[in-house]
>>> print(open('upload_21.tsv').read())   # TSV, C-alpha atoms and all ligand atoms
chain	number	residue	atom	x	y	z
A	1	MET	CA	13.09	-48.32	-67.83
A	2	PRO	CA	9.72	-46.78	-68.85
A	3	LYS	CA	7.80	-48.63	-71.55
A	4	PRO	CA	8.66	-47.26	-75.00
A	5	ASP	CA	5.94	-45.85	-77.21
A	6	ALA	CA	6.78	-48.20	-80.06
A	7	MET	CA	4.89	-48.09	-83.35
A	8	ILE	CA	5.09	-51.38	-85.17
A	9	GLY	CA	3.14	-52.51	-88.20
A	10	MET	CA	3.35	-54.04	-91.63
A	11	ALA	CA	2.61	-53.74	-95.32
A	12	ALA	CA	-1.19	-53.83	-95.10
A	13	PHE	CA	-2.74	-53.91	-98.58
A	14	GLN	CA	-2.44	-52.62	-102.12
A	15	LEU	CA	-3.80	-49.15	-102.58
A	16	SER	CA	-5.30	-48.76	-106.04
A	17	THR	CA	-8.52	-48.11	-107.89
A	18	PHE	CA	-9.54	-51.65	-106.88
A	19	THR	CA	-9.06	-51.34	-103.12
A	20	SER	CA	-12.38	-52.23	-101.53
A	21	GLU	CA	-13.61	-50.97	-98.20
A	22	ALA	CA	-14.00	-54.59	-97.08
A	23	VAL	CA	-10.26	-55.18	-97.51
A	24	VAL	CA	-9.40	-51.98	-95.66
A	25	GLU	CA	-11.78	-52.77	-92.81
A	26	LEU	CA	-10.49	-56.31	-92.44
A	27	ALA	CA	-6.88	-55.13	-92.35
A	28	ALA	CA	-7.65	-52.36	-89.87
A	29	THR	CA	-9.62	-54.64	-87.56
A	30	THR	CA	-6.94	-57.31	-87.56
A	31	LEU	CA	-4.06	-54.93	-86.93
A	32	ARG	CA	-6.01	-53.17	-84.20
A	33	LYS	CA	-6.85	-56.46	-82.51
A	34	HIS	CA	-3.14	-57.29	-82.29
A	35	GLY	CA	-2.01	-53.86	-81.18
A	36	LEU	CA	-0.15	-53.13	-84.43
A	37	ARG	CA	-0.29	-49.38	-84.88
A	38	ALA	CA	1.43	-48.71	-88.19
A	39	ALA	CA	0.53	-49.68	-91.75
A	40	GLU	CA	2.18	-49.17	-95.10
A	41	LEU	CA	-0.18	-49.02	-98.08
A	42	LEU	CA	1.32	-50.37	-101.28
A	43	CYS	CA	1.29	-48.68	-104.66
A	44	LEU	CA	4.10	-50.91	-105.94
A	45	ALA	CA	2.67	-51.65	-109.37
A	46	ASN	CA	0.38	-48.65	-109.85
A	47	VAL	CA	0.40	-47.15	-113.32
A	48	LEU	CA	-0.28	-43.66	-114.61
A	49	GLY	CA	-3.39	-42.99	-116.66
A	50	SER	CA	-3.71	-46.45	-118.23
A	51	ARG	CA	-7.11	-47.59	-119.42
A	52	ARG	CA	-5.86	-51.15	-119.81
A	53	ARG	CA	-8.20	-53.58	-118.11
A	54	GLY	CA	-6.87	-54.78	-114.78
A	55	ALA	CA	-4.17	-52.10	-114.61
A	56	LEU	CA	-3.81	-50.69	-111.10
A	57	GLY	CA	-4.49	-46.98	-111.12
A	58	TYR	CA	-4.36	-44.49	-108.27
A	59	PRO	CA	-7.59	-44.06	-106.32
A	60	SER	CA	-9.35	-40.70	-106.48
A	61	LYS	CA	-8.90	-38.20	-103.68
A	62	GLU	CA	-12.43	-38.95	-102.42
A	63	ARG	CA	-11.80	-42.71	-102.27
A	64	ALA	CA	-8.44	-42.17	-100.61
A	65	THR	CA	-9.97	-39.87	-98.00
A	66	LYS	CA	-12.58	-42.55	-97.22
A	67	ILE	CA	-9.88	-45.22	-96.87
A	68	GLY	CA	-7.87	-42.91	-94.63
A	69	LYS	CA	-10.91	-42.38	-92.38
A	70	LEU	CA	-11.16	-46.14	-91.84
A	71	MET	CA	-7.53	-46.17	-90.69
A	72	GLU	CA	-7.47	-42.89	-88.82
A	73	ASP	CA	-5.93	-44.40	-85.71
A	74	PHE	CA	-2.87	-45.80	-87.54
A	75	GLN	CA	0.45	-44.25	-88.39
A	76	LEU	CA	0.22	-44.57	-92.17
A	77	SER	CA	2.75	-44.48	-94.97
A	78	ILE	CA	2.67	-45.26	-98.67
A	79	HIS	CA	5.15	-47.39	-100.60
A	80	GLY	CA	5.61	-45.83	-104.04
A	81	PRO	CA	5.86	-47.86	-107.25
A	82	TYR	CA	8.97	-49.69	-108.44
A	83	ALA	CA	8.75	-47.57	-111.59
A	84	ILE	CA	10.21	-44.57	-109.73
A	85	SER	CA	13.85	-43.67	-110.32
A	86	LEU	CA	15.48	-40.47	-109.17
A	87	THR	CA	18.83	-41.50	-110.62
A	88	THR	CA	17.78	-42.07	-114.22
A	89	LYS	CA	19.15	-40.07	-117.15
A	90	ASP	CA	16.22	-41.02	-119.36
A	91	PRO	CA	13.96	-37.92	-119.60
A	92	LYS	CA	10.77	-39.93	-120.10
A	93	MET	CA	11.49	-42.16	-117.11
A	94	LEU	CA	12.35	-39.14	-115.01
A	95	GLN	CA	9.13	-37.42	-115.95
A	96	ASN	CA	7.13	-40.55	-115.04
A	97	SER	CA	9.01	-40.87	-111.77
A	98	ARG	CA	8.18	-37.31	-110.82
A	99	THR	CA	4.53	-37.79	-111.71
A	100	HIS	CA	4.36	-41.01	-109.66
A	101	LEU	CA	5.99	-39.35	-106.67
A	102	THR	CA	3.65	-36.38	-106.80
A	103	ARG	CA	0.62	-38.66	-107.16
A	104	CYS	CA	1.80	-40.71	-104.17
A	105	LEU	CA	2.44	-37.62	-102.05
A	106	ARG	CA	-1.02	-36.19	-102.79
A	107	LEU	CA	-2.47	-39.62	-102.04
A	108	ALA	CA	-0.51	-39.70	-98.78
A	109	ASP	CA	-2.11	-36.40	-97.75
A	110	ALA	CA	-5.56	-37.72	-98.66
A	111	VAL	CA	-5.21	-40.89	-96.55
A	112	GLY	CA	-3.34	-39.10	-93.76
A	113	ALA	CA	0.06	-40.73	-94.32
A	114	SER	CA	3.23	-38.96	-93.23
A	115	HIS	CA	5.56	-40.10	-96.02
A	116	VAL	CA	6.10	-42.06	-99.22
A	117	THR	CA	8.86	-44.68	-99.21
A	118	PHE	CA	10.41	-45.61	-102.56
A	119	HIS	CA	13.59	-46.95	-104.11
A	120	ALA	CA	15.76	-44.16	-105.45
A	121	GLY	CA	17.18	-46.15	-108.38
A	122	SER	CA	20.49	-47.47	-109.69
A	123	ARG	CA	23.69	-45.95	-108.35
A	124	ARG	CA	25.83	-46.01	-111.51
A	125	GLY	CA	27.74	-42.72	-111.56
A	126	GLY	CA	29.01	-42.27	-107.97
A	127	GLN	CA	29.01	-38.71	-106.65
A	128	THR	CA	27.15	-37.41	-109.72
A	129	VAL	CA	24.26	-39.72	-108.90
A	130	ARG	CA	24.22	-38.59	-105.31
A	131	ASN	CA	23.99	-34.95	-106.38
A	132	ARG	CA	21.30	-35.82	-108.89
A	133	VAL	CA	19.15	-37.55	-106.24
A	134	GLN	CA	19.58	-34.66	-103.86
A	135	GLN	CA	18.67	-32.07	-106.47
A	136	ARG	CA	15.60	-34.01	-107.55
A	137	LEU	CA	14.46	-34.52	-103.97
A	138	GLN	CA	14.78	-30.81	-103.41
A	139	GLU	CA	12.64	-30.15	-106.48
A	140	VAL	CA	9.99	-32.50	-105.10
A	141	MET	CA	10.08	-30.62	-101.79
A	142	VAL	CA	9.60	-27.28	-103.57
A	143	LYS	CA	6.63	-28.73	-105.40
A	144	CYS	CA	5.16	-30.02	-102.13
A	145	GLU	CA	5.49	-26.59	-100.60
A	146	LYS	CA	3.78	-24.94	-103.57
A	147	GLU	CA	0.92	-27.42	-103.43
A	148	ASN	CA	0.69	-27.40	-99.64
A	149	ILE	CA	1.40	-31.12	-99.42
A	150	THR	CA	2.49	-32.12	-95.94
A	151	ALA	CA	3.63	-35.70	-96.68
A	152	VAL	CA	7.30	-36.02	-97.62
A	153	PRO	CA	9.34	-38.40	-99.75
A	154	ALA	CA	11.41	-41.06	-97.94
A	155	PRO	CA	13.93	-42.82	-100.22
A	156	GLU	CA	15.01	-46.21	-98.83
A	157	VAL	CA	18.48	-47.45	-98.11
A	158	GLY	CA	18.95	-49.66	-101.18
A	159	GLY	CA	19.34	-53.43	-100.86
A	160	LYS	CA	21.62	-54.09	-103.80
A	161	ILE	CA	25.15	-52.80	-103.94
A	162	ALA	CA	24.31	-51.43	-107.38
A	163	SER	CA	21.37	-49.41	-106.08
A	164	PHE	CA	21.33	-45.93	-104.54
A	165	GLY	CA	22.37	-45.69	-101.83
A	166	ASP	CA	24.03	-46.85	-98.65
A	167	PHE	CA	22.93	-45.66	-95.22
A	168	GLU	CA	25.16	-42.60	-95.04
A	169	GLU	CA	24.34	-41.39	-98.56
A	170	VAL	CA	20.59	-41.76	-98.23
A	171	CYS	CA	20.54	-40.20	-94.76
A	172	ALA	CA	22.61	-37.23	-95.98
A	173	VAL	CA	20.66	-36.51	-99.18
A	174	ALA	CA	17.38	-36.70	-97.28
A	175	GLY	CA	18.71	-34.43	-94.55
A	176	ASN	CA	20.00	-31.91	-97.07
A	177	SER	CA	16.64	-31.91	-98.83
A	178	GLY	CA	14.61	-31.52	-95.66
A	179	CYS	CA	12.71	-34.76	-96.07
A	180	LEU	CA	12.78	-38.25	-94.56
A	181	PHE	CA	14.49	-41.45	-95.56
A	182	CYS	CA	13.59	-45.03	-94.80
A	183	TRP	CA	16.16	-47.03	-92.88
A	184	ASP	CA	15.63	-50.46	-94.36
A	185	VAL	CA	17.71	-52.46	-91.91
A	186	ALA	CA	17.57	-55.62	-94.02
A	187	HIS	CA	18.82	-53.72	-97.07
A	188	ASP	CA	21.52	-52.03	-95.02
A	189	PHE	CA	22.62	-55.47	-93.81
A	190	ALA	CA	22.48	-57.05	-97.28
A	191	ARG	CA	24.80	-54.44	-98.80
A	192	GLY	CA	27.33	-54.99	-96.02
A	193	GLY	CA	26.42	-52.05	-93.74
A	194	ASP	CA	27.44	-52.41	-90.12
A	195	VAL	CA	24.14	-53.16	-88.47
A	196	ILE	CA	25.63	-56.26	-86.85
A	197	SER	CA	27.51	-54.43	-84.09
A	198	GLU	CA	26.29	-52.08	-81.42
A	199	ALA	CA	28.91	-49.53	-82.51
A	200	GLY	CA	27.59	-49.58	-86.09
A	201	LEU	CA	24.02	-49.05	-84.92
A	202	LEU	CA	25.01	-46.23	-82.56
A	203	ARG	CA	26.84	-44.49	-85.40
A	204	ARG	CA	23.67	-44.67	-87.48
A	205	ILE	CA	21.52	-43.25	-84.69
A	206	GLU	CA	23.98	-40.39	-84.40
A	207	LEU	CA	23.75	-39.67	-88.14
A	208	ILE	CA	19.94	-39.74	-88.02
A	209	GLU	CA	19.96	-37.24	-85.17
A	210	GLN	CA	22.31	-34.99	-87.15
A	211	HIS	CA	20.32	-35.04	-90.36
A	212	ILE	CA	16.64	-35.67	-89.66
A	213	ASP	CA	14.17	-33.46	-87.82
A	214	LEU	CA	12.90	-35.95	-85.26
A	215	SER	CA	10.83	-33.32	-83.51
A	216	ARG	CA	8.61	-33.35	-86.59
A	217	TRP	CA	8.58	-36.97	-87.67
A	218	ARG	CA	9.29	-40.50	-86.62
A	219	LEU	CA	11.96	-42.05	-88.81
A	220	PRO	CA	10.54	-44.79	-91.07
A	221	VAL	CA	12.21	-48.18	-90.56
A	222	HIS	CA	11.73	-51.33	-92.62
A	223	ILE	CA	12.88	-54.65	-91.25
A	224	SER	CA	12.67	-58.32	-92.25
A	225	GLY	CA	14.93	-61.26	-92.83
A	226	ILE	CA	16.84	-61.18	-96.10
A	227	VAL	CA	18.83	-63.48	-98.33
A	228	ALA	CA	22.02	-61.66	-99.27
A	229	GLY	CA	24.58	-62.51	-101.90
A	230	ARG	CA	27.69	-61.02	-103.43
A	231	ARG	CA	25.71	-58.18	-104.97
A	232	GLY	CA	23.63	-57.48	-101.91
A	233	GLU	CA	19.91	-58.22	-101.58
A	234	VAL	CA	18.57	-61.33	-103.28
A	235	ARG	CA	15.15	-61.44	-101.67
A	236	HIS	CA	13.31	-60.70	-98.45
A	237	ALA	CA	12.81	-63.56	-95.97
A	238	PRO	CA	11.09	-64.16	-92.65
A	239	LEU	CA	12.76	-62.75	-89.51
A	240	GLY	CA	15.48	-65.07	-88.30
A	241	GLU	CA	15.79	-66.75	-91.71
A	242	GLY	CA	17.91	-65.93	-94.74
A	243	SER	CA	21.32	-64.48	-94.02
A	244	GLY	CA	20.70	-63.35	-90.46
A	245	VAL	CA	19.45	-59.77	-90.11
A	246	PRO	CA	20.19	-58.98	-86.42
A	247	TRP	CA	16.69	-57.78	-85.58
A	248	ARG	CA	16.91	-58.48	-81.85
A	249	LEU	CA	20.18	-56.61	-81.55
A	250	PHE	CA	18.64	-53.75	-83.54
A	251	LEU	CA	15.56	-53.50	-81.31
A	252	SER	CA	17.66	-53.85	-78.15
A	253	VAL	CA	19.98	-50.99	-79.09
A	254	LEU	CA	17.01	-48.80	-80.04
A	255	ARG	CA	15.40	-49.54	-76.69
A	256	GLU	CA	18.55	-48.68	-74.76
A	257	GLN	CA	18.96	-45.45	-76.72
A	258	LYS	CA	15.29	-44.55	-76.10
A	259	PHE	CA	14.97	-44.50	-79.86
A	260	LEU	CA	11.95	-46.80	-80.17
A	261	ASP	CA	9.81	-43.71	-79.64
A	262	LYS	CA	11.45	-42.00	-82.59
A	263	VAL	CA	10.84	-44.56	-85.31
A	264	VAL	CA	7.93	-46.26	-86.99
A	265	ILE	CA	8.75	-49.86	-87.80
A	266	ILE	CA	7.21	-51.66	-90.77
A	267	CYS	CA	7.86	-55.38	-91.00
A	268	GLU	CA	8.56	-56.40	-94.60
A	269	SER	CA	9.06	-60.14	-94.13
A	270	LYS	CA	8.39	-62.36	-97.11
A	271	ALA	CA	8.35	-66.10	-97.54
A	272	THR	CA	8.30	-68.03	-100.77
A	273	LYS	CA	5.38	-70.28	-99.93
A	274	ARG	CA	3.44	-68.55	-97.15
A	275	ASP	CA	3.20	-64.95	-98.07
A	276	GLY	CA	-0.32	-63.91	-97.16
A	277	PHE	CA	-1.73	-61.29	-94.83
A	278	ASP	CA	-1.75	-63.64	-91.82
A	279	PHE	CA	1.92	-64.47	-92.32
A	280	ARG	CA	2.79	-60.78	-92.35
A	281	VAL	CA	0.80	-60.22	-89.15
A	282	GLU	CA	2.65	-63.11	-87.46
A	283	GLU	CA	5.98	-61.64	-88.47
A	284	ALA	CA	5.14	-58.13	-87.27
A	285	LEU	CA	3.98	-59.65	-83.99
A	286	LYS	CA	7.43	-61.20	-83.47
A	287	LEU	CA	8.82	-57.67	-83.38
A	288	LYS	CA	6.06	-56.46	-81.10
A	289	ALA	CA	6.42	-59.40	-78.71
A	290	PHE	CA	10.14	-58.78	-78.41
A	291	VAL	CA	9.65	-55.07	-77.73
A	292	ASP	CA	6.82	-55.75	-75.26
A	293	SER	CA	8.95	-58.32	-73.40
A	294	GLY	CA	11.46	-55.61	-72.52
A	295	GLU	CA	14.21	-58.12	-73.29
A	296	ILE	CA	17.67	-56.92	-74.24
A	297	ASP	CA	19.58	-59.29	-76.49
A	298	LYS	CA	22.72	-57.81	-77.95
A	299	GLU	CA	24.42	-60.93	-79.11
A	300	TYR	CA	24.64	-61.29	-82.87
A	301	ARG	CA	24.39	-64.84	-84.17
A	302	PRO	CA	24.75	-65.07	-87.93
A	303	SER	CA	22.28	-67.66	-89.19
A	304	ARG	CA	24.74	-69.04	-91.72
A	305	PRO	CA	28.51	-68.94	-91.89
A	306	GLN	CA	29.51	-65.82	-93.85
A	307	LEU	CA	31.41	-67.74	-96.51
A	308	THR	CA	28.66	-70.15	-97.54
A	309	GLN	CA	26.32	-67.18	-97.68
A	310	PHE	CA	28.41	-65.68	-100.42
A	311	LEU	CA	28.83	-68.94	-102.30
A	312	SER	CA	25.17	-69.86	-102.17
A	313	GLN	CA	23.05	-70.44	-105.24
A	314	ASP	CA	20.87	-67.57	-104.11
A	315	SER	CA	23.43	-65.01	-105.11
A	316	VAL	CA	22.82	-65.59	-108.81
A	317	GLU	CA	19.09	-64.97	-108.63
A	318	SER	CA	17.79	-61.51	-109.18
A	319	GLU	CA	14.49	-60.11	-108.03
A	320	PRO	CA	13.16	-56.60	-107.68
A	321	GLU	CA	13.99	-55.03	-104.35
A	322	GLU	CA	11.44	-54.16	-101.79
A	401	ZN	ZN	11.98	-51.72	-97.61
>>> encode(input="upload_21.tsv", output="C-alpha cells", more="lines below")
Ligand SMILES: [Zn+2]
Amino acid sequence: MPKPDAMIGMAAFQLSTFTSEAVVELAATTLRKHGLRAAELLCLANVLGSRRRGALGYPSKERATKIGKLMEDFQLSIHGPYAISLTTKDPKMLQNSRTHLTRCLRLADAVGASHVTFHAGSRRGGQTVRNRVQQRLQEVMVKCEKENITAVPAPEVGGKIASFGDFEEVCAVAGNSGCLFCWDVAHDFARGGDVISEAGLLRRIELIEQHIDLSRWRLPVHISGIVAGRRGEVRHAPLGEGSGVPWRLFLSVLREQKFLDKVVIICESKATKRDGFDFRVEEALKLKAFVDSGEIDKEYRPSRPQLTQFLSQDSVESEPEE
C-alpha cells in the first residue's frame, strides 16, 4: 500500500495577547524536528475586551499574522474558548459566544488556520437544541461569507452524554451548515459511540463522506486516552490509559480505507502529573510512529473491564471537557 499523507500534530500553545515569538518558534522547531505537521493553537480561556491584569485577550491581527508566518508550513487550527455555547437560551451568553466565534474565525484567517474547533454546549432540549445549533452555525457561515472569512467553525463531538452532540448529530448539523466538525474520537468513545468495532468506524467514515466536502478540507480529528464514567467523559488521559480508546484500531481502519489522507489528527492526551509540552510531543509521536510503521492492528482490547469502569470513583468527578 502506498504511504499515506498523514498529518499528525498536537495542541501547541496558548494563543493570546501574551504569546511570545520565542514560544512560537520553540514549538515550531520542535514539531518540525519530529515530523509533526499539524498544530492546534489554544484560545481556551481567552476573554473579550477585559482590561483585567493577566486576562488573556485575543492577539491583534498584526501579531496573529506574524505568528502564522512562523508556522507557515503547518496545518493550523484554533481551539475556541470554553465560554462558547451555541445551545444556550441566555441572550447575553449567546451574544458572547457569537463574538468569540467571530473573533476566533478572523484570528484563524490571520494565522492561516483552516478551522476553529469548539464545544457546542449542553444538549438539554433534544431536537430543538439540534435545530438551534444548526441555525446558529448557518448564521455564522453567512457572517463569514459577508466578511470574506475562509476559516470555518468545527463543533466537536461532545464528550459528556449531557453535551451536544453525538457523532451523527454533529456530523449532520455541520454538513447541513456547510462547515466542518471535529471528530473527537475519545469523546465519541466516552459517550458510548461505536468506535470500538470496525463496523462502527466504517459507518462513521460513510457519514463523513456523505456530509462533509472532503475535496475542500481535511476533517479535523482529536484523539487521546480518556477516563469515561456513567455520564461520559471524566477527563482526558494518555493514549492507552484511562478507559481504553481504541486508537490503534482507529488508525488501522483509516489506513485501510485510505482515509489518513483526508483527516488532520490532533493528539489531545493529558496526564495529571506530566502535562507539559514534551509530554504532548511524546504522545503525538506514538500516533505518528504507529502510522509510519504501516502496522495494522484491528483487535480491540479494553484497558479495564467495562463494569469496573462504570463503578469507578472517577465517574463522580466533573471537569470541563476538552
Ligand atoms: Zn477535543
>>> atom_distance(input="upload_21.tsv", atom1="atom CA of Glu198 of chain A", atom2="atom CA of Val234 of chain A")
25.0 Å
>>> residues_near_ligand(input="upload_21.tsv", ligand="ligand ZN 401 (chain A)", cutoff="10 Å", atoms="all atoms listed in the file", output="NGL selection string")
:A and (11 or 79 or 117-119 or 155-159 or 182-188 or 220-224 or 236 or 266-269 or 321-322)
>>> atom_distance(input="upload_21.tsv", atom1="atom CA of Val291 of chain A", atom2="atom CA of Ile8 of chain A")
9.5 Å
>>> atom_distance(input="upload_21.tsv", atom1="atom CA of Val133 of chain A", atom2="atom CA of Thr87 of chain A")
5.9 Å
>>> closest_residue(input="upload_21.tsv", among="A:Ser163, A:Arg280, A:Ala237, A:Asp73", to="Gly9 of chain A", atoms="all atoms listed in the file")
A:Arg280
>>> decode(input="upload_21.tsv", residues="segment 62-122 of chain A", atoms="C-alpha atoms", output="PDB file, in the first residue's frame")
ATOM      1  CA  GLU A  62      -0.775  42.023  13.012  1.00  0.00           C
ATOM      2  CA  ARG A  63       0.544  39.818  15.840  1.00  0.00           C
ATOM      3  CA  ALA A  64      -1.502  36.877  14.622  1.00  0.00           C
ATOM      4  CA  THR A  65      -0.191  37.288  11.080  1.00  0.00           C
ATOM      5  CA  LYS A  66       3.382  37.282  12.433  1.00  0.00           C
ATOM      6  CA  ILE A  67       2.716  34.127  14.451  1.00  0.00           C
ATOM      7  CA  GLY A  68       1.153  32.491  11.408  1.00  0.00           C
ATOM      8  CA  LYS A  69       4.258  33.298   9.332  1.00  0.00           C
ATOM      9  CA  LEU A  70       6.418  31.426  11.844  1.00  0.00           C
ATOM     10  CA  MET A  71       4.202  28.371  11.406  1.00  0.00           C
ATOM     11  CA  GLU A  72       3.514  28.654   7.711  1.00  0.00           C
ATOM     12  CA  ASP A  73       4.456  25.058   6.993  1.00  0.00           C
ATOM     13  CA  PHE A  74       1.933  23.589   9.463  1.00  0.00           C
ATOM     14  CA  GLN A  75      -1.696  22.669   9.072  1.00  0.00           C
ATOM     15  CA  LEU A  76      -3.107  25.005  11.718  1.00  0.00           C
ATOM     16  CA  SER A  77      -6.356  25.142  13.630  1.00  0.00           C
ATOM     17  CA  ILE A  78      -7.643  27.123  16.587  1.00  0.00           C
ATOM     18  CA  HIS A  79      -9.436  25.754  19.630  1.00  0.00           C
ATOM     19  CA  GLY A  80     -12.080  28.280  20.675  1.00  0.00           C
ATOM     20  CA  PRO A  81     -12.818  29.186  24.302  1.00  0.00           C
ATOM     21  CA  TYR A  82     -14.889  27.089  26.692  1.00  0.00           C
ATOM     22  CA  ALA A  83     -17.140  30.129  27.065  1.00  0.00           C
ATOM     23  CA  ILE A  84     -18.773  29.397  23.694  1.00  0.00           C
ATOM     24  CA  SER A  85     -22.227  27.818  23.663  1.00  0.00           C
ATOM     25  CA  LEU A  86     -24.404  27.508  20.602  1.00  0.00           C
ATOM     26  CA  THR A  87     -27.150  25.775  22.561  1.00  0.00           C
ATOM     27  CA  THR A  88     -27.743  28.417  25.224  1.00  0.00           C
ATOM     28  CA  LYS A  89     -31.047  30.241  25.670  1.00  0.00           C
ATOM     29  CA  ASP A  90     -29.395  33.065  27.585  1.00  0.00           C
ATOM     30  CA  PRO A  91     -29.209  36.069  25.205  1.00  0.00           C
ATOM     31  CA  LYS A  92     -26.082  37.527  26.815  1.00  0.00           C
ATOM     32  CA  MET A  93     -24.247  34.214  26.665  1.00  0.00           C
ATOM     33  CA  LEU A  94     -25.319  33.724  23.076  1.00  0.00           C
ATOM     34  CA  GLN A  95     -24.089  37.156  22.122  1.00  0.00           C
ATOM     35  CA  ASN A  96     -20.715  36.476  23.780  1.00  0.00           C
ATOM     36  CA  SER A  97     -20.496  33.099  22.076  1.00  0.00           C
ATOM     37  CA  ARG A  98     -21.058  34.656  18.678  1.00  0.00           C
ATOM     38  CA  THR A  99     -18.474  37.342  19.345  1.00  0.00           C
ATOM     39  CA  HIS A 100     -15.923  34.734  20.486  1.00  0.00           C
ATOM     40  CA  LEU A 101     -16.549  32.588  17.430  1.00  0.00           C
ATOM     41  CA  THR A 102     -16.194  35.513  15.055  1.00  0.00           C
ATOM     42  CA  ARG A 103     -13.004  36.658  16.806  1.00  0.00           C
ATOM     43  CA  CYS A 104     -11.587  33.132  16.552  1.00  0.00           C
ATOM     44  CA  LEU A 105     -12.521  32.807  12.885  1.00  0.00           C
ATOM     45  CA  ARG A 106     -10.885  36.137  11.995  1.00  0.00           C
ATOM     46  CA  LEU A 107      -7.865  35.058  14.033  1.00  0.00           C
ATOM     47  CA  ALA A 108      -7.820  31.755  12.155  1.00  0.00           C
ATOM     48  CA  ASP A 109      -7.639  33.639   8.856  1.00  0.00           C
ATOM     49  CA  ALA A 110      -4.832  35.830  10.181  1.00  0.00           C
ATOM     50  CA  VAL A 111      -2.676  32.866  11.290  1.00  0.00           C
ATOM     51  CA  GLY A 112      -3.637  30.755   8.283  1.00  0.00           C
ATOM     52  CA  ALA A 113      -5.738  28.167  10.140  1.00  0.00           C
ATOM     53  CA  SER A 114      -8.460  26.255   8.331  1.00  0.00           C
ATOM     54  CA  HIS A 115     -10.986  25.957  11.153  1.00  0.00           C
ATOM     55  CA  VAL A 116     -11.971  26.698  14.749  1.00  0.00           C
ATOM     56  CA  THR A 117     -12.864  23.728  16.951  1.00  0.00           C
ATOM     57  CA  PHE A 118     -15.151  24.375  19.924  1.00  0.00           C
ATOM     58  CA  HIS A 119     -17.671  22.673  22.177  1.00  0.00           C
ATOM     59  CA  ALA A 120     -21.215  23.364  21.061  1.00  0.00           C
ATOM     60  CA  GLY A 121     -22.731  23.356  24.569  1.00  0.00           C
ATOM     61  CA  SER A 122     -25.244  21.434  26.662  1.00  0.00           C
TER      62      SER A 122
END
